[in-house]
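Here's the structure we're looking at; comments come further down.
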Amino acid sequence: PNGWPMSGAIEVLDANVTSLDKNDEKSPQLYVGTAGLSQPVKIATHSNTTFQVELKEGISPSAAQLLMRLAADCGPVSKERTTKIEVQISKATISIWNRHVPLEDLDIRFKATIPCPRIGEDEEVDVARANTGRNNTASLLVV
């Protein structure tokens with residue numbers, strides 16, 4: 001946990017998300033989109049904080065390779081229903097003791113295997129219809 005007297009907030013977070021082939025590390029990364037916070041995250045003293053990072057735009061229907069990878073990872077015949085991503089945090093603004101600190105050119109990268117999104121209790125993800133032209137969001141859970 002965060003120790004006394006440290007507390008603060010993540011006010012802004014900008015990141016790029018790419019899809020990785022979880023079965024073949026030599027396969028190319030495929031661009032998913034940009035991600036950020038839907039709202040600032042407060043980090044209290046003596047606490048662990050969990051927050052969501054949201055994709056800022058939907059996946060383009062013209063991204064055939066990405067849609068095929070997501071269908072394999074998340075479709076009705078997938079056993080694990082997980083997909084692998086890389087997140088590259090490029091910039092953030094944090095607040096420590098009410099002092100706002102912009103952080104530029106971060107290039108912080110991490111890889112994660114995440115659960116596929118659930119649309120409904122018994123519905124399967126139809127990746128071919130993932131984007132209907134509106135601003136879709138998907139959440140990534142960061143701990």
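By order in the structure tokens, chains are A, B, ...; within a chain, residues start at 1; ligands start at 1, following the order shown.
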At a cut-off of 8 Å, using only C-alpha atoms, what residues contact range 102-105 of chain A? Leave out same-chain residues fewer than 4 positions from it and give the result as a PDB file with N, CA, C and O atoms, in the first residue's frame.
ATOM      1  N   SER A  90       2.477   7.304 -22.809  1.00  0.00           N
ATOM      2  CA  SER A  90       3.309   8.337 -23.412  1.00  0.00           C
ATOM      3  C   SER A  90       3.362   9.618 -22.581  1.00  0.00           C
ATOM      4  O   SER A  90       4.381  10.306 -22.564  1.00  0.00           O
ATOM      5  N   LYS A  91       2.261   9.934 -21.904  1.00  0.00           N
ATOM      6  CA  LYS A  91       2.300  11.127 -21.053  1.00  0.00           C
ATOM      7  C   LYS A  91       1.224  11.037 -19.982  1.00  0.00           C
ATOM      8  O   LYS A  91       0.244  10.311 -20.119  1.00  0.00           O
ATOM      9  N   ALA A  92       1.460  11.770 -18.913  1.00  0.00           N
ATOM     10  CA  ALA A  92       0.525  11.788 -17.797  1.00  0.00           C
ATOM     11  C   ALA A  92       0.680  13.109 -17.064  1.00  0.00           C
ATOM     12  O   ALA A  92       1.697  13.786 -17.179  1.00  0.00           O
ATOM     13  N   THR A  93      -0.342  13.458 -16.335  1.00  0.00           N
ATOM     14  CA  THR A  93      -0.254  14.564 -15.387  1.00  0.00           C
ATOM     15  C   THR A  93      -0.659  13.986 -14.047  1.00  0.00           C
ATOM     16  O   THR A  93      -1.728  13.388 -13.913  1.00  0.00           O
ATOM     17  N   ILE A  94       0.235  14.154 -13.070  1.00  0.00           N
ATOM     18  CA  ILE A  94      -0.054  13.651 -11.733  1.00  0.00           C
ATOM     19  C   ILE A  94      -0.104  14.821 -10.759  1.00  0.00           C
ATOM     20  O   ILE A  94       0.363  15.920 -11.060  1.00  0.00           O
TER      21      ILE A  94
END
Can you pull out every residue from range 53-98 of chain A that DSSP, working from the backbone, puts in strand (DSSP E or B), and format the result as a PyMOL selection string? chain A and resi 53-55+82-96
Rank A:Ser27, A:Gly33, A:Lys79, A:Leu106 by their smallest atom-to-atom distance to Ser60 in chain A, using only C-alpha atoms, and report the top residue only.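 With only C-alpha atoms as the atom set, the closest residue is A:Gly33.
Counting only C-alpha atoms and comparing A:Gly58, A:Ile10, A:Asp24, A:Ala63, the residue that lies closest to Leu37 in chain A is A:Ile10.
Atom to atom, CA of Phe110 in chain A and CA of Ile85 in chain A stand 8.5 Å apart.
Distance check against Ser62 in chain A using only C-alpha atoms: of A:Arg99, A:Ile114, A:Tyr31, A:Val17, the minimum falls on A:Tyr31.
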Exercise: range 42-45 of chain A partners within 12 Å, only C-alpha atoms, chain neighbours under 4 positions left out, as number ranges by chain: A: 1-12, 37, 49-51, 94-98
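Put simply, CA of Thr34 in chain A is 16.1 Å away from CA of Pro61 in chain A.
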Separation of CA of Asn16 in chain A from CA of Val101 in chain A in Å: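 Between CA of Val101 in chain A and CA of Asn16 in chain A the gap works out to 20.8 Å.
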